[in-house]
file work_19.cif (mmCIF, C-alpha atoms and all ligand atoms)
data_work
#
loop_
_atom_site.label_atom_id
_atom_site.label_comp_id
_atom_site.auth_asym_id
_atom_site.auth_seq_id
_atom_site.Cartn_x
_atom_site.Cartn_y
_atom_site.Cartn_z
CA MET A 1278 0.00 0.00 0.00
CA ALA A 1279 1.27 3.43 -0.89
CA LYS A 1280 2.30 5.36 2.18
CA ARG A 1281 -0.03 8.30 2.53
CA ASN A 1282 0.92 11.80 3.55
CA ILE A 1283 -0.03 12.52 7.14
CA ILE A 1284 -1.27 16.11 7.21
CA ILE A 1285 -1.95 18.10 10.35
CA ALA A 1286 -3.74 21.29 9.36
CA GLY A 1287 -4.81 24.13 11.59
CA ASN A 1288 -8.01 25.89 10.56
CA TRP A 1289 -7.84 29.21 12.35
CA LYS A 1290 -11.36 30.14 11.19
CA MET A 1291 -12.12 33.84 11.89
CA ASN A 1292 -9.39 34.35 14.47
CA LYS A 1293 -6.19 36.40 14.68
CA THR A 1294 -5.31 39.82 13.37
CA PRO A 1295 -2.32 39.97 11.03
CA PHE A 1296 0.07 40.79 13.88
CA GLU A 1297 -1.29 38.02 16.11
CA ALA A 1298 -1.18 35.64 13.17
CA ARG A 1299 2.45 36.43 12.49
CA CYS A 1300 3.42 35.67 16.10
CA LEU A 1301 1.46 32.41 16.25
CA ALA A 1302 2.71 31.19 12.87
CA TYR A 1303 6.29 32.03 13.79
CA GLU A 1304 6.08 30.04 17.01
CA ILE A 1305 4.50 27.06 15.26
CA ALA A 1306 7.06 27.13 12.45
CA GLU A 1307 9.93 27.28 14.92
CA LYS A 1308 8.65 24.49 17.13
CA THR A 1309 7.56 22.09 14.39
CA GLU A 1310 10.97 22.16 12.72
CA GLY A 1311 11.81 18.63 11.62
CA ALA A 1312 8.25 17.28 11.93
CA ALA A 1313 7.83 14.11 9.89
CA CYS A 1314 4.23 14.93 8.99
CA LYS A 1315 3.07 17.84 6.87
CA VAL A 1316 1.91 20.91 8.78
CA VAL A 1317 -0.49 23.36 7.14
CA LEU A 1318 -1.89 26.62 8.51
CA CYS A 1319 -5.22 27.67 6.98
CA VAL A 1320 -5.55 31.28 7.99
CA PRO A 1321 -7.87 34.23 7.28
CA PHE A 1322 -7.18 35.96 3.95
CA VAL A 1323 -5.88 39.15 5.57
CA ASP A 1324 -3.30 37.11 7.51
CA LEU A 1325 -1.83 35.31 4.50
CA PHE A 1326 1.00 37.72 3.87
CA GLN A 1327 2.17 37.87 7.47
CA VAL A 1328 1.94 34.11 7.91
CA LYS A 1329 3.77 33.54 4.64
CA GLU A 1330 6.66 35.62 5.96
CA ALA A 1331 6.59 33.97 9.38
CA ILE A 1332 6.81 30.43 7.98
CA ALA A 1333 9.33 31.23 5.21
CA GLY A 1334 12.13 28.67 5.15
CA SER A 1335 10.27 26.28 7.48
CA GLY A 1336 8.43 23.14 6.42
CA VAL A 1337 5.04 24.65 7.26
CA CYS A 1338 2.65 25.14 4.32
CA LEU A 1339 0.31 28.06 3.79
CA GLY A 1340 -3.42 27.50 3.46
CA ALA A 1341 -6.58 29.57 2.96
CA GLN A 1342 -10.15 28.84 4.03
CA ASN A 1343 -12.14 29.38 0.86
CA VAL A 1344 -11.83 30.30 -2.83
CA HIS A 1345 -14.29 31.48 -5.46
CA TRP A 1346 -14.96 29.53 -8.63
CA ALA A 1347 -14.74 32.44 -11.07
CA GLU A 1348 -11.45 33.73 -12.46
CA SER A 1349 -12.30 37.31 -11.51
CA GLY A 1350 -15.17 39.73 -11.71
CA ALA A 1351 -18.12 41.20 -9.84
CA PHE A 1352 -18.13 38.95 -6.77
CA THR A 1353 -17.86 41.37 -3.88
CA GLY A 1354 -16.12 39.90 -0.88
CA GLU A 1355 -14.75 36.87 -2.68
CA ILE A 1356 -11.17 35.77 -3.44
CA SER A 1357 -9.99 34.02 -6.61
CA ALA A 1358 -7.62 31.10 -7.01
CA ASP A 1359 -5.16 33.35 -8.88
CA MET A 1360 -5.09 35.71 -5.89
CA LEU A 1361 -4.32 32.83 -3.53
CA VAL A 1362 -1.61 31.48 -5.81
CA ALA A 1363 -0.07 34.96 -5.96
CA CYS A 1364 0.10 34.92 -2.15
CA ASP A 1365 1.98 31.57 -2.26
CA VAL A 1366 -0.99 29.68 -0.87
CA GLU A 1367 -0.62 25.93 -1.35
CA TYR A 1368 -3.79 24.51 0.28
CA VAL A 1369 -7.37 25.72 0.43
CA VAL A 1370 -10.19 24.43 2.63
CA ILE A 1371 -13.42 24.01 0.65
CA GLY A 1372 -16.90 23.06 1.84
CA HIS A 1373 -16.33 23.51 5.55
CA SER A 1374 -19.57 22.82 7.42
CA GLU A 1375 -19.62 26.41 8.69
CA ARG A 1376 -19.68 27.59 5.07
CA ARG A 1377 -22.43 25.07 4.28
CA GLN A 1378 -24.42 26.03 7.39
CA TYR A 1379 -24.10 29.83 7.44
CA PHE A 1380 -23.15 30.89 3.93
CA GLY A 1381 -25.30 28.82 1.61
CA GLU A 1382 -22.52 26.54 0.40
CA THR A 1383 -23.93 23.56 -1.52
CA ASP A 1384 -22.39 20.45 -3.02
CA ALA A 1385 -22.54 22.21 -6.39
CA THR A 1386 -20.64 25.29 -5.19
CA VAL A 1387 -18.16 23.05 -3.36
CA ASN A 1388 -17.53 21.26 -6.64
CA ALA A 1389 -17.19 24.51 -8.60
CA ARG A 1390 -14.71 25.94 -6.09
CA THR A 1391 -12.75 22.68 -6.04
CA LYS A 1392 -12.40 22.61 -9.82
CA ALA A 1393 -11.30 26.25 -9.92
CA ALA A 1394 -8.71 25.69 -7.19
CA LEU A 1395 -7.27 22.56 -8.81
CA ALA A 1396 -7.12 24.24 -12.21
CA LYS A 1397 -4.77 26.84 -10.71
CA GLY A 1398 -2.55 24.28 -9.01
CA LEU A 1399 -3.89 24.64 -5.47
CA LYS A 1400 -4.33 21.61 -3.23
CA VAL A 1401 -7.84 21.22 -1.86
CA ILE A 1402 -8.93 20.10 1.59
CA LEU A 1403 -12.53 19.13 0.88
CA CYS A 1404 -14.69 18.88 3.99
CA VAL A 1405 -17.58 16.48 4.44
CA GLY A 1406 -19.60 15.48 7.49
CA GLU A 1407 -23.04 14.73 8.83
CA THR A 1408 -25.09 16.71 11.35
CA ARG A 1409 -26.19 15.22 14.65
CA GLU A 1410 -29.72 14.80 13.32
CA GLU A 1411 -28.48 12.97 10.22
CA ARG A 1412 -26.41 10.64 12.41
CA GLU A 1413 -29.38 9.95 14.66
CA LEU A 1414 -31.52 9.17 11.61
CA ASP A 1415 -28.82 6.73 10.45
CA GLU A 1416 -28.16 8.84 7.37
CA THR A 1417 -24.43 9.31 7.88
CA GLN A 1418 -23.32 7.15 4.96
CA ALA A 1419 -25.91 8.59 2.59
CA VAL A 1420 -24.87 12.16 3.44
CA ILE A 1421 -21.16 11.40 3.09
CA GLU A 1422 -21.76 9.58 -0.19
CA ARG A 1423 -23.68 12.54 -1.61
CA GLN A 1424 -21.09 15.08 -0.47
CA ILE A 1425 -18.21 13.02 -1.87
CA ARG A 1426 -19.87 12.16 -5.20
CA LEU A 1427 -21.10 15.68 -5.89
CA GLY A 1428 -18.11 17.46 -4.38
CA LEU A 1429 -15.70 15.46 -6.55
CA ALA A 1430 -17.90 15.41 -9.68
CA ASP A 1431 -15.87 15.59 -12.92
CA LEU A 1432 -12.52 15.37 -11.13
CA SER A 1433 -9.95 13.12 -12.78
CA GLU A 1434 -7.69 10.57 -11.18
CA GLN A 1435 -4.86 13.05 -11.65
CA ASP A 1436 -6.85 15.78 -9.90
CA MET A 1437 -7.19 13.48 -6.92
CA GLU A 1438 -3.44 13.70 -6.32
CA ASN A 1439 -4.13 17.22 -5.08
CA VAL A 1440 -7.24 16.50 -3.03
CA VAL A 1441 -7.34 15.81 0.70
CA ILE A 1442 -10.66 14.79 2.25
CA ALA A 1443 -11.48 16.03 5.76
CA TYR A 1444 -14.20 14.11 7.59
CA GLU A 1445 -15.69 16.55 10.07
CA PRO A 1446 -18.88 15.41 11.79
CA VAL A 1447 -20.77 18.65 12.36
CA TRP A 1448 -21.84 17.58 15.84
CA ALA A 1449 -18.19 17.30 16.90
CA ILE A 1450 -17.03 20.71 15.68
CA GLY A 1451 -16.28 23.18 18.44
CA THR A 1452 -18.46 21.21 20.84
CA GLY A 1453 -15.84 19.28 22.76
CA LEU A 1454 -17.69 16.16 21.60
CA THR A 1455 -15.18 14.13 19.60
CA ALA A 1456 -16.22 11.21 17.49
CA THR A 1457 -14.74 8.11 19.08
CA ALA A 1458 -11.74 6.77 17.22
CA GLU A 1459 -13.95 3.89 16.05
CA GLN A 1460 -16.71 6.20 14.77
CA ALA A 1461 -14.19 8.36 12.93
CA GLN A 1462 -12.38 5.34 11.52
CA GLU A 1463 -15.64 3.82 10.30
CA VAL A 1464 -16.56 6.88 8.23
CA CYS A 1465 -13.01 7.47 6.96
CA ALA A 1466 -12.86 3.83 5.82
CA TYR A 1467 -16.22 4.32 4.12
CA ILE A 1468 -14.88 7.39 2.31
CA ARG A 1469 -11.94 5.32 1.11
CA THR A 1470 -14.34 2.68 -0.24
CA LEU A 1471 -16.21 5.38 -2.12
CA LEU A 1472 -12.96 6.68 -3.61
CA ALA A 1473 -12.08 3.17 -4.77
CA GLU A 1474 -15.49 2.94 -6.46
CA LEU A 1475 -15.33 6.39 -8.02
CA TYR A 1476 -11.68 6.08 -9.07
CA THR A 1477 -9.42 3.12 -8.37
CA PRO A 1478 -8.19 1.27 -5.28
CA ASP A 1479 -4.81 2.95 -5.85
CA VAL A 1480 -6.37 6.42 -5.75
CA ALA A 1481 -8.25 5.45 -2.59
CA ASP A 1482 -5.05 4.13 -0.99
CA ALA A 1483 -3.09 7.26 -1.85
CA THR A 1484 -5.64 9.87 -0.70
CA THR A 1485 -5.09 11.54 2.65
CA ILE A 1486 -8.26 11.48 4.75
CA GLN A 1487 -8.24 13.71 7.81
CA TYR A 1488 -10.50 13.75 10.82
CA GLY A 1489 -11.70 17.06 12.27
CA GLY A 1490 -13.96 17.91 15.19
CA SER A 1491 -12.65 18.68 18.66
CA MET A 1492 -9.34 16.99 17.95
CA ASN A 1493 -7.01 18.00 20.76
CA ALA A 1494 -3.77 17.21 22.54
CA LYS A 1495 -5.44 14.42 24.50
CA ASN A 1496 -7.28 12.50 21.80
CA ALA A 1497 -5.06 13.09 18.75
CA ARG A 1498 -2.82 10.09 19.20
CA GLU A 1499 -5.69 7.61 19.39
CA LEU A 1500 -7.53 9.12 16.44
CA LEU A 1501 -4.39 9.29 14.31
CA SER A 1502 -3.47 5.70 15.09
CA MET A 1503 -6.55 4.47 13.21
CA PRO A 1504 -5.69 2.91 9.85
CA ASP A 1505 -7.83 5.21 7.68
CA ILE A 1506 -7.23 8.49 9.54
CA ASP A 1507 -4.26 10.23 7.95
CA GLY A 1508 -4.23 13.52 9.75
CA GLY A 1509 -6.36 16.16 11.37
CA LEU A 1510 -8.09 19.43 10.55
CA ILE A 1511 -7.94 21.26 13.82
CA GLY A 1512 -9.91 24.32 14.86
CA GLY A 1513 -9.76 25.46 18.48
CA ALA A 1514 -6.62 23.54 19.45
CA SER A 1515 -4.70 24.96 16.47
CA LEU A 1516 -4.83 28.39 18.12
CA LYS A 1517 -3.01 27.07 21.20
CA PRO A 1518 0.59 26.41 20.23
CA ALA A 1519 1.29 23.93 23.04
CA ASP A 1520 -1.75 21.82 22.11
CA PHE A 1521 -1.15 22.06 18.38
CA LEU A 1522 2.46 20.94 18.84
CA VAL A 1523 1.32 17.82 20.69
CA ILE A 1524 -1.00 17.02 17.78
CA VAL A 1525 1.82 17.58 15.28
CA ALA A 1526 4.04 15.27 17.35
CA ALA A 1527 1.31 12.60 17.20
CA GLY A 1528 1.11 13.08 13.42
CA SER A 1529 4.88 12.83 13.14
CA ALA A 1530 4.88 9.60 15.14
CA GLU A 1531 2.34 8.14 12.68
CA ALA A 1532 4.34 9.36 9.69
CA THR A 1533 7.46 7.58 10.88
CA LYS A 1534 5.71 4.28 11.62
CA ALA A 1535 6.89 1.51 9.32
P1 LIG B 1601 -12.66 22.29 16.35
O1 LIG B 1601 -11.33 21.59 16.37
O2 LIG B 1601 -12.65 23.61 17.03
O3 LIG B 1601 -13.78 21.38 16.81
O4 LIG B 1601 -12.96 22.62 14.81
C1 LIG B 1601 -12.82 21.63 13.88
C2 LIG B 1601 -12.94 22.25 12.54
O5 LIG B 1601 -14.00 22.71 12.15
C3 LIG B 1601 -11.74 22.33 11.71
O6 LIG B 1601 -12.04 22.70 10.42
#
call {"tool": "encode", "arguments": {"input": "work_19.cif", "output": "structure tokens"}}
result
Amino acid sequence: MAKRNIIIAGNWKMNKTPFEARCLAYEIAEKTEGAACKVVLCVPFVDLFQVKEAIAGSGVCLGAQNVHWAESGAFTGEISADMLVACDVEYVVIGHSERRQYFGETDATVNARTKAALAKGLKVILCVGETREERELDETQAVIERQIRLGLADLSEQDMENVVIAYEPVWAIGTGLTATAEQAQEVCAYIRTLLAELYTPDVADATTIQYGGSMNAKNARELLSMPDIDGGLIGGASLKPADFLVIVAAGSAEATKA
């Protein structure tokens, strides 16, 4: 089996002014020197430049939290893939549940944004996940299947080399309620099965699938030790350097396992 990239990504959401961002990114870059896993910081647009400077020369990668599907034009408040590329952004989060919940993001817009990002050479962290109600109604697999099929519609096998999937159960985000390692593993394994069906077993084996939702310094090791969980997308704990470093260390330990 191809060894997958283990990716620990911080999603700072709507936190940190440019100055605060610079300080936090600098500390993380300094203290994750030599990490065996990939470390990505997905920061607010206005922080990109400061964070880019703070992580320069380190192994940390720069990420954004959204991208528009159009090349340019009358889309007030939006940011294009070209703009992100010009800021040296490497990764972009697309389809986060907060975008789906509060900003009208749909599977179709997730797909359009994903295609636009990939066409410009960005790597996409595509988020999927069920709500508490959907889980209680036993609809988890159906929801994940729909989000994966429609989110990845028209993407080629080659495109998939630049796609990371983040499984983020909505009920676990920012709530302190983490999916158990078994619950998270079950859905991540299911996503891998879907990728094998949609593409090939090799594509499924090579795709990094992250877990996100109240991942923290205490539970990261157990979650990351599961066979189909290849990293984390971390919100709250990514703003606390000490906690984030513990999670990166857990990711590094996984990355160096034989
Ligand atoms: P928390 O880690 O704060 O639960 O957020 C997870 C998340 O939404 C990352 O994208």
call {"tool": "atom_distance", "arguments": {"input": "work_19.cif", "atom1": "CA of Ile1305 (chain A)", "atom2": "CA of Gly1490 (chain A)"}}
result
20.6 Å
call {"tool": "residues_around", "arguments": {"input": "work_19.cif", "residues": "Ile1511 (chain A)", "least_positions_apart": "6", "cutoff": "10 Å", "atoms": "all atoms listed in the file", "output": "list in words"}}
result
Ile1285, Ala1286, Gly1287, Asn1288, Trp1289, Lys1290, Leu1318, Cys1319, Glu1445, Ile1450, Gly1451, Gln1487, Tyr1488, Gly1489, Gly1490, Ser1491, Met1492, Asn1493, Ala1497, Phe1521 and Ile1524 of chain A
call {"tool": "residues_around", "arguments": {"input": "work_19.cif", "residues": "Lys1293 (chain A)", "least_positions_apart": "4", "cutoff": "12 Å", "atoms": "all atoms listed in the file", "output": "list in words"}}
result
Asn1288, Trp1289, Glu1297, Ala1298, Arg1299, Cys1300, Leu1301, Ala1302, Cys1319, Val1320, Pro1321, Phe1322, Val1323, Asp1324, Leu1325, Gln1327, Val1328, Ser1515, Leu1516 and Lys1517 of chain A
call {"tool": "residues_around", "arguments": {"input": "work_19.cif", "residues": "Asp1436 (chain A)", "least_positions_apart": "5", "cutoff": "12 Å", "atoms": "only C-alpha atoms", "output": "ChimeraX atom specification"}}
result
/A:1391-1401,1429-1431,1441,1476,1480,1484
call {"tool": "axis_aligned_box", "arguments": {"input": "work_19.cif", "around": "ligand LIG 1601 (chain B)", "padding_each_side": "8 Å", "output": "JSON"}}
result
{"center_x": -12.7, "center_y": 22.5, "center_z": 13.7, "size_x": 18.7, "size_y": 18.2, "size_z": 22.6}
call {"tool": "closest_residue", "arguments": {"input": "work_19.cif", "among": "A:Glu1416, A:Asp1505, A:Glu1411, A:Glu1499", "to": "Thr1470 (chain A)", "atoms": "only C-alpha atoms"}}
result
A:Asp1505
call {"tool": "residues_around", "arguments": {"input": "work_19.cif", "residues": "region 1334-1341 of chain A", "least_positions_apart": "2", "cutoff": "7 Å", "atoms": "all atoms listed in the file", "output": "PyMOL selection string"}}
result
chain A and resi 1306+1310+1316-1322+1329+1332+1343+1366-1370
call {"tool": "closest_residue", "arguments": {"input": "work_19.cif", "among": "A:Glu1375, A:Asp1479, A:Glu1348, A:Asp1507", "to": "Met1291 (chain A)", "atoms": "all atoms listed in the file"}}
result
A:Glu1375
call {"tool": "atom_distance", "arguments": {"input": "work_19.cif", "atom1": "CA of Ala1526 (chain A)", "atom2": "CA of Ser1502 (chain A)"}}
result
12.4 Å
call {"tool": "residues_near_point", "arguments": {"input": "work_19.cif", "point": "(-16.9, 24.4, 5.3)", "cutoff": "9 Å", "atoms": "only C-alpha atoms", "output": "PyMOL selection string"}}
result
chain A and resi 1342-1343+1370-1378+1382+1387+1403-1405
call {"tool": "write_last_selection", "arguments": {"input": "work_19.cif", "atoms": "C-alpha atoms", "output": "mmCIF file, keeping the file's coordinate frame"}}
result
data_model
loop_
_atom_site.group_PDB
_atom_site.id
_atom_site.type_symbol
_atom_site.label_atom_id
_atom_site.label_comp_id
_atom_site.auth_asym_id
_atom_site.auth_seq_id
_atom_site.Cartn_x
_atom_site.Cartn_y
_atom_site.Cartn_z
ATOM 1 C CA GLN A 1342 -10.150 28.840 4.030
ATOM 2 C CA ASN A 1343 -12.140 29.380 0.860
ATOM 3 C CA VAL A 1370 -10.190 24.430 2.630
ATOM 4 C CA ILE A 1371 -13.420 24.010 0.650
ATOM 5 C CA GLY A 1372 -16.900 23.060 1.840
ATOM 6 C CA HIS A 1373 -16.330 23.510 5.550
ATOM 7 C CA SER A 1374 -19.570 22.820 7.420
ATOM 8 C CA GLU A 1375 -19.620 26.410 8.690
ATOM 9 C CA ARG A 1376 -19.680 27.590 5.070
ATOM 10 C CA ARG A 1377 -22.430 25.070 4.280
ATOM 11 C CA GLN A 1378 -24.420 26.030 7.390
ATOM 12 C CA GLU A 1382 -22.520 26.540 0.400
ATOM 13 C CA VAL A 1387 -18.160 23.050 -3.360
ATOM 14 C CA LEU A 1403 -12.530 19.130 0.880
ATOM 15 C CA CYS A 1404 -14.690 18.880 3.990
ATOM 16 C CA VAL A 1405 -17.580 16.480 4.440
#
call {"tool": "residues_around", "arguments": {"input": "work_19.cif", "residues": "Ala1483 (chain A)", "least_positions_apart": "5", "cutoff": "12 Å", "atoms": "all atoms listed in the file", "output": "PyMOL selection string"}}
result
chain A and resi 1278-1283+1434-1435+1437-1442+1469+1472-1473+1476-1478+1505+1507
call {"tool": "closest_residue", "arguments": {"input": "work_19.cif", "among": "A:Tyr1444, A:Tyr1379, A:Tyr1303, A:Trp1346", "to": "ligand LIG 1601 (chain B)", "atoms": "all atoms listed in the file"}}
result
A:Tyr1444
call {"tool": "closest_residue", "arguments": {"input": "work_19.cif", "among": "A:Glu1355, A:Ile1421, A:Val1447, A:Ala1527", "to": "ligand LIG 1601 (chain B)", "atoms": "all atoms listed in the file"}}
result
A:Val1447
